[in-house]
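Asker: Sharing a structure here in structure tokens format.
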Amino acid sequence: QLQLVESGGGLVQPGGSLSVSCVASGSTLEHYVIGWFRQGPGKEREGVSCITNVDGRIVYKDDVKGRFTISRDSAKIMVTLQMNDLKPEDTAVYYCAAGTFAAPGYLLRRLCMSRAEYEVWGQGTQVTVSS
């Protein structure tokens, strides 16, 4: 049974960088879509980025484009979110999630940013951006 564990969160100053990772156990991520979500204080959980492990298609939330990079390892057991030029509004608990939904090109953005499409969730890791 697939389980996900996030790591790498922490405290960083505005403009700094952090990398958060999602490691799978019980299964590889080969046939999953992996999404990164975040939930800030008093906010709903929102999609940040996703990657399809079958063919490597990637989606980013508009306000993280150019700052965040999602990647996967060759063994397909880990997905990493590299976050640069962090802003206070990026402060949140970051969660990774795995889903087995099919995502044709024109639907990928809508599906991969939807919490309802994912079956397995990690426990989350806190990212705090503050001076």
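By convention in this document, the chains of the structure tokens carry letters A, B, ... by their order, each chain's residues are numbered from 1, and ligands are numbered from 1 in the order they are shown.
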Could the residues of stretch 11-98 of chain A that have an atom at most 6 Å from stretch 110-127 of chain A be listed as CSV, each with its closest atom pair and the distance in Å to one decimal, counting only C-alpha atoms and ordered by chain and ascending residue number?

Answerer:
residue,atom,partner,partner_atom,distance
A:Gly47,CA,A:Met113,CA,4.5
A:Thr91,CA,A:Val127,CA,5.5
A:Ala92,CA,A:Val127,CA,5.5
A:Val93,CA,A:Gln126,CA,4.3
A:Tyr94,CA,A:Gly124,CA,5.2
A:Tyr95,CA,A:Gly124,CA,4.4
A:Cys96,CA,A:Gly122,CA,5.6
A:Ala97,CA,A:Trp121,CA,4.4
A:Ala98,CA,A:Val120,CA,5.2

Asker: Given the selection you just returned, output its residues as a file containing C-alpha atoms, formatted as a PDB file, in the first residue's frame.

Answerer:
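Okay, result25.pdb is ready:
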ATOM      1  CA  GLY A  47      -2.794  22.955  -5.584  1.00  0.00           C
ATOM      2  CA  THR A  91       4.026  30.165   4.206  1.00  0.00           C
ATOM      3  CA  ALA A  92       1.953  27.006   4.560  1.00  0.00           C
ATOM      4  CA  VAL A  93       1.955  23.323   5.349  1.00  0.00           C
ATOM      5  CA  TYR A  94       2.993  21.590   2.137  1.00  0.00           C
ATOM      6  CA  TYR A  95       1.477  18.222   1.306  1.00  0.00           C
ATOM      7  CA  CYS A  96       2.226  15.754  -1.438  1.00  0.00           C
ATOM      8  CA  ALA A  97      -0.468  13.513  -2.807  1.00  0.00           C
ATOM      9  CA  ALA A  98      -0.748  10.657  -5.296  1.00  0.00           C
TER      10      ALA A  98
END

Asker: Give me the residues within 10 Å of A:Gln13 as a list in words, counting only C-alpha atoms and dropping any in the same chain fewer than 5 places off.

Answerer: Asp85, Leu86, Lys87, Pro88, Thr128, Val129, Ser130 and Ser131 of chain A

Asker: For A:Ala103, work out the shell of residues within 9 Å, counting only C-alpha atoms and skipping chain neighbours fewer than 4 positions away, then give it as a PyMOL selection string.

Answerer: chain A and resi 33+52+107-109+111-112

Asker: Give me every strand (DSSP E or B) residue in stretch 47-130 of chain A, going by DSSP on the backbone, as a PyMOL selection string.

Answerer: chain A and resi 47-52+58-60+68-72+78-83+92-99+120-121+125-129

Asker: Using Å and a single decimal, report how far atom CA of A:Ala102 sits from atom CA of A:Ser27.

Answerer: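 Straight-line distance from atom CA of A:Ser27 to atom CA of A:Ala102 works out to 18.7 Å.
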
Asker: With a distance cut-off of 10 Å and only C-alpha atoms, select the neighbouring residues of stretch 67-69 of chain A, excluding the residue or stretch itself and same-chain residues fewer than 2 positions from it, and output the selection as a list in words.

Answerer: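 Skipping anything fewer than 2 positions along the chain leaves Ser17, Leu18, Ser19, Val48, Ser49, Cys50, Ile58, Val59, Tyr60, Lys61, Asp63, Val64, Lys65, Ser71, Thr80, Leu81, Gln82, Met83, Asn84, Asp85 and Leu86 of chain A.
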
Asker: I need the residues from that last selection saved to file as a compact mmCIF listing (two decimals), in the first residue's frame (with all heavy atoms), if you can.

Answerer:
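Generated output (result_15.txt):
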# COMPACT_ATOMS: atom_id res chain seq x y z
N SER A 17 15.49 30.10 -0.40
CA SER A 17 15.10 28.87 -1.09
C SER A 17 14.95 27.72 -0.12
O SER A 17 15.62 27.67 0.91
CB SER A 17 16.16 28.50 -2.14
OG SER A 17 16.29 29.48 -3.13
N LEU A 18 14.05 26.81 -0.47
CA LEU A 18 13.87 25.57 0.26
C LEU A 18 13.50 24.49 -0.74
O LEU A 18 12.89 24.78 -1.78
CB LEU A 18 12.76 25.68 1.30
CG LEU A 18 13.05 26.16 2.71
CD1 LEU A 18 11.76 26.19 3.52
CD2 LEU A 18 14.09 25.28 3.39
N SER A 19 13.81 23.27 -0.37
CA SER A 19 13.40 22.13 -1.18
C SER A 19 12.62 21.19 -0.29
O SER A 19 13.08 20.85 0.81
CB SER A 19 14.63 21.44 -1.75
OG SER A 19 14.27 20.29 -2.48
N VAL A 48 -0.45 23.42 -5.92
CA VAL A 48 0.73 24.22 -6.24
C VAL A 48 1.38 23.74 -7.54
O VAL A 48 1.72 24.54 -8.41
CB VAL A 48 1.75 24.16 -5.09
CG1 VAL A 48 3.03 24.89 -5.46
CG2 VAL A 48 1.14 24.74 -3.81
N SER A 49 1.53 22.42 -7.65
CA SER A 49 2.19 21.86 -8.83
C SER A 49 1.89 20.38 -8.89
O SER A 49 1.51 19.76 -7.89
CB SER A 49 3.70 22.08 -8.75
OG SER A 49 4.35 21.57 -9.91
N CYS A 50 2.06 19.81 -10.08
CA CYS A 50 1.91 18.37 -10.19
C CYS A 50 2.80 17.87 -11.32
O CYS A 50 3.22 18.64 -12.20
CB CYS A 50 0.47 17.95 -10.43
SG CYS A 50 -0.11 18.22 -12.11
N ILE A 58 3.96 18.54 -16.56
CA ILE A 58 4.04 19.34 -15.34
C ILE A 58 3.07 20.51 -15.42
O ILE A 58 2.88 21.11 -16.49
CB ILE A 58 5.48 19.87 -15.14
CG1 ILE A 58 6.42 18.72 -14.76
CG2 ILE A 58 5.53 20.96 -14.09
CD1 ILE A 58 7.89 19.11 -14.75
N VAL A 59 2.50 20.84 -14.28
CA VAL A 59 1.62 22.00 -14.14
C VAL A 59 2.06 22.79 -12.91
O VAL A 59 2.47 22.21 -11.90
CB VAL A 59 0.14 21.57 -13.98
CG1 VAL A 59 -0.74 22.77 -13.66
CG2 VAL A 59 -0.36 20.86 -15.23
N TYR A 60 1.98 24.10 -13.01
CA TYR A 60 2.27 24.99 -11.87
C TYR A 60 1.11 25.95 -11.65
O TYR A 60 0.48 26.42 -12.62
CB TYR A 60 3.53 25.82 -12.11
CG TYR A 60 4.81 25.03 -12.16
CD1 TYR A 60 5.44 24.81 -13.37
CD2 TYR A 60 5.39 24.53 -11.00
CE1 TYR A 60 6.62 24.09 -13.43
CE2 TYR A 60 6.56 23.81 -11.05
CZ TYR A 60 7.18 23.59 -12.28
OH TYR A 60 8.35 22.88 -12.34
N LYS A 61 0.86 26.24 -10.40
CA LYS A 61 -0.04 27.35 -10.06
C LYS A 61 0.61 28.63 -10.59
O LYS A 61 1.83 28.78 -10.55
CB LYS A 61 -0.22 27.40 -8.54
CG LYS A 61 -1.24 28.37 -8.01
CD LYS A 61 -1.36 28.22 -6.51
CE LYS A 61 -2.42 29.18 -5.96
NZ LYS A 61 -1.97 30.55 -5.98
N ASP A 63 1.03 31.69 -9.60
CA ASP A 63 1.90 32.57 -8.80
C ASP A 63 3.18 31.90 -8.32
O ASP A 63 3.98 32.54 -7.61
CB ASP A 63 1.13 33.18 -7.63
CG ASP A 63 0.65 32.15 -6.62
OD1 ASP A 63 0.82 30.95 -6.87
OD2 ASP A 63 0.10 32.55 -5.58
N VAL A 64 3.40 30.65 -8.70
CA VAL A 64 4.69 30.01 -8.37
C VAL A 64 5.52 29.73 -9.62
O VAL A 64 6.67 29.30 -9.51
CB VAL A 64 4.52 28.71 -7.56
CG1 VAL A 64 3.67 28.96 -6.31
CG2 VAL A 64 3.95 27.59 -8.41
N LYS A 65 4.94 29.98 -10.78
CA LYS A 65 5.68 29.77 -12.03
C LYS A 65 6.94 30.61 -12.04
O LYS A 65 6.92 31.78 -11.70
CB LYS A 65 4.81 30.15 -13.23
CG LYS A 65 3.77 29.13 -13.61
CD LYS A 65 2.98 29.60 -14.83
CE LYS A 65 1.90 28.64 -15.19
NZ LYS A 65 1.08 29.13 -16.33
N SER A 71 10.22 18.06 -9.69
CA SER A 71 11.02 17.07 -10.41
C SER A 71 10.84 15.70 -9.76
O SER A 71 10.38 15.59 -8.63
CB SER A 71 12.50 17.46 -10.42
OG SER A 71 13.02 17.51 -9.10
N THR A 80 10.36 16.00 -5.83
CA THR A 80 10.89 17.14 -5.10
C THR A 80 10.30 18.43 -5.64
O THR A 80 10.08 18.57 -6.85
CB THR A 80 12.43 17.18 -5.24
OG1 THR A 80 12.97 15.99 -4.65
CG2 THR A 80 13.01 18.38 -4.52
N LEU A 81 10.04 19.35 -4.74
CA LEU A 81 9.59 20.69 -5.11
C LEU A 81 10.66 21.67 -4.64
O LEU A 81 10.84 21.89 -3.44
CB LEU A 81 8.24 21.01 -4.47
CG LEU A 81 7.59 22.32 -4.90
CD1 LEU A 81 7.16 22.26 -6.36
CD2 LEU A 81 6.39 22.66 -4.01
N GLN A 82 11.40 22.22 -5.58
CA GLN A 82 12.40 23.23 -5.29
C GLN A 82 11.73 24.60 -5.32
O GLN A 82 11.12 24.96 -6.33
CB GLN A 82 13.54 23.18 -6.32
CG GLN A 82 14.57 24.28 -6.16
CD GLN A 82 15.36 24.17 -4.88
OE1 GLN A 82 15.76 23.07 -4.48
NE2 GLN A 82 15.62 25.30 -4.24
N MET A 83 11.85 25.33 -4.23
CA MET A 83 11.16 26.62 -4.11
C MET A 83 12.19 27.73 -3.95
O MET A 83 12.96 27.72 -2.98
CB MET A 83 10.21 26.59 -2.91
CG MET A 83 9.19 25.46 -2.98
SD MET A 83 8.07 25.41 -1.57
CE MET A 83 9.19 24.87 -0.27
N ASN A 84 12.23 28.64 -4.90
CA ASN A 84 13.16 29.76 -4.88
C ASN A 84 12.39 31.07 -4.74
O ASN A 84 11.18 31.12 -4.99
CB ASN A 84 13.98 29.78 -6.16
CG ASN A 84 14.83 28.54 -6.33
OD1 ASN A 84 15.31 27.95 -5.37
ND2 ASN A 84 15.02 28.11 -7.58
N ASP A 85 13.11 32.12 -4.36
CA ASP A 85 12.51 33.45 -4.22
C ASP A 85 11.22 33.37 -3.40
O ASP A 85 10.17 33.88 -3.80
CB ASP A 85 12.23 34.05 -5.60
CG ASP A 85 11.81 35.51 -5.52
OD1 ASP A 85 12.15 36.17 -4.53
OD2 ASP A 85 11.13 35.99 -6.45
N LEU A 86 11.32 32.72 -2.27
CA LEU A 86 10.13 32.51 -1.43
C LEU A 86 9.61 33.82 -0.87
O LEU A 86 10.37 34.75 -0.55
CB LEU A 86 10.45 31.53 -0.31
CG LEU A 86 10.48 30.07 -0.77
CD1 LEU A 86 11.26 29.21 0.21
CD2 LEU A 86 9.06 29.54 -0.95

Asker: Could you name the residues that touch A:Arg72 at 9 Å or less, counting only C-alpha atoms, but leaving out those on the same chain fewer than 6 positions away, as a ChimeraX atom specification?

Answerer: /A:51,53,56,78-81

Asker: Convert the current residue selection to file output with all heavy atoms, as a PDB file, in the first residue's frame.

Answerer:
ATOM      1  N   ILE A  51       3.069  16.579 -11.285  1.00  0.00           N
ATOM      2  CA  ILE A  51       3.852  15.935 -12.332  1.00  0.00           C
ATOM      3  C   ILE A  51       3.271  14.552 -12.586  1.00  0.00           C
ATOM      4  O   ILE A  51       2.911  13.832 -11.653  1.00  0.00           O
ATOM      5  CB  ILE A  51       5.346  15.852 -11.954  1.00  0.00           C
ATOM      6  CG1 ILE A  51       6.175  15.274 -13.110  1.00  0.00           C
ATOM      7  CG2 ILE A  51       5.557  15.049 -10.675  1.00  0.00           C
ATOM      8  CD1 ILE A  51       7.677  15.450 -12.909  1.00  0.00           C
ATOM      9  N   ASN A  53       4.010  10.928 -13.607  1.00  0.00           N
ATOM     10  CA  ASN A  53       5.204  10.104 -13.679  1.00  0.00           C
ATOM     11  C   ASN A  53       5.275   9.271 -14.944  1.00  0.00           C
ATOM     12  O   ASN A  53       6.356   8.857 -15.357  1.00  0.00           O
ATOM     13  CB  ASN A  53       5.313   9.214 -12.443  1.00  0.00           C
ATOM     14  CG  ASN A  53       6.088   9.892 -11.339  1.00  0.00           C
ATOM     15  OD1 ASN A  53       7.229  10.317 -11.543  1.00  0.00           O
ATOM     16  ND2 ASN A  53       5.485  10.019 -10.185  1.00  0.00           N
ATOM     17  N   GLY A  56       5.822  12.659 -17.516  1.00  0.00           N
ATOM     18  CA  GLY A  56       6.542  13.841 -17.066  1.00  0.00           C
ATOM     19  C   GLY A  56       5.897  15.176 -17.356  1.00  0.00           C
ATOM     20  O   GLY A  56       6.562  16.214 -17.318  1.00  0.00           O
ATOM     21  N   MET A  78      10.586   9.274  -5.502  1.00  0.00           N
ATOM     22  CA  MET A  78      10.672  10.570  -4.861  1.00  0.00           C
ATOM     23  C   MET A  78      10.324  11.692  -5.841  1.00  0.00           C
ATOM     24  O   MET A  78      10.733  11.681  -6.999  1.00  0.00           O
ATOM     25  CB  MET A  78      12.064  10.823  -4.297  1.00  0.00           C
ATOM     26  CG  MET A  78      12.187  12.104  -3.495  1.00  0.00           C
ATOM     27  SD  MET A  78      13.731  12.216  -2.583  1.00  0.00           S
ATOM     28  CE  MET A  78      14.888  12.453  -3.906  1.00  0.00           C
ATOM     29  N   VAL A  79       9.567  12.658  -5.349  1.00  0.00           N
ATOM     30  CA  VAL A  79       9.262  13.862  -6.104  1.00  0.00           C
ATOM     31  C   VAL A  79       9.660  15.053  -5.238  1.00  0.00           C
ATOM     32  O   VAL A  79       9.342  15.084  -4.052  1.00  0.00           O
ATOM     33  CB  VAL A  79       7.773  13.938  -6.481  1.00  0.00           C
ATOM     34  CG1 VAL A  79       7.436  15.290  -7.118  1.00  0.00           C
ATOM     35  CG2 VAL A  79       7.410  12.805  -7.431  1.00  0.00           C
ATOM     36  N   THR A  80      10.360  15.995  -5.828  1.00  0.00           N
ATOM     37  CA  THR A  80      10.891  17.136  -5.101  1.00  0.00           C
ATOM     38  C   THR A  80      10.298  18.433  -5.635  1.00  0.00           C
ATOM     39  O   THR A  80      10.082  18.569  -6.847  1.00  0.00           O
ATOM     40  CB  THR A  80      12.428  17.179  -5.237  1.00  0.00           C
ATOM     41  OG1 THR A  80      12.973  15.988  -4.650  1.00  0.00           O
ATOM     42  CG2 THR A  80      13.009  18.381  -4.516  1.00  0.00           C
ATOM     43  N   LEU A  81      10.039  19.352  -4.736  1.00  0.00           N
ATOM     44  CA  LEU A  81       9.591  20.695  -5.107  1.00  0.00           C
ATOM     45  C   LEU A  81      10.659  21.674  -4.639  1.00  0.00           C
ATOM     46  O   LEU A  81      10.836  21.887  -3.436  1.00  0.00           O
ATOM     47  CB  LEU A  81       8.241  21.007  -4.470  1.00  0.00           C
ATOM     48  CG  LEU A  81       7.593  22.322  -4.896  1.00  0.00           C
ATOM     49  CD1 LEU A  81       7.159  22.256  -6.365  1.00  0.00           C
ATOM     50  CD2 LEU A  81       6.392  22.659  -4.007  1.00  0.00           C
TER      51      LEU A  81
END

Asker: What's the separation between atom CA of A:Glu6 and atom CA of A:Trp36, in Å to one decimal place?

Answerer: 10.1 Å

Asker: Quick one: pull the distance between atom CA of A:Thr100 and atom CA of A:Ile34, Å, one decimal.

Answerer: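 Separating atom CA of A:Thr100 from atom CA of A:Ile34 is a distance of 9.0 Å.
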
Asker: Neighbouring residues of A:Glu30 were defined as those with any atom within 8 Å, considering only C-alpha atoms; residues of the same chain fewer than 5 positions away were excluded. Please report them as number ranges by chain.

Answerer: A: 53-54, 76-77

Asker: Would you list, as an MDAnalysis selection string, the residues of chain A that end up in helix (DSSP H, G or I) under DSSP run on this structure's backbone?

Answerer: chainID A and resid 62:64 88:90 105:112 115:117
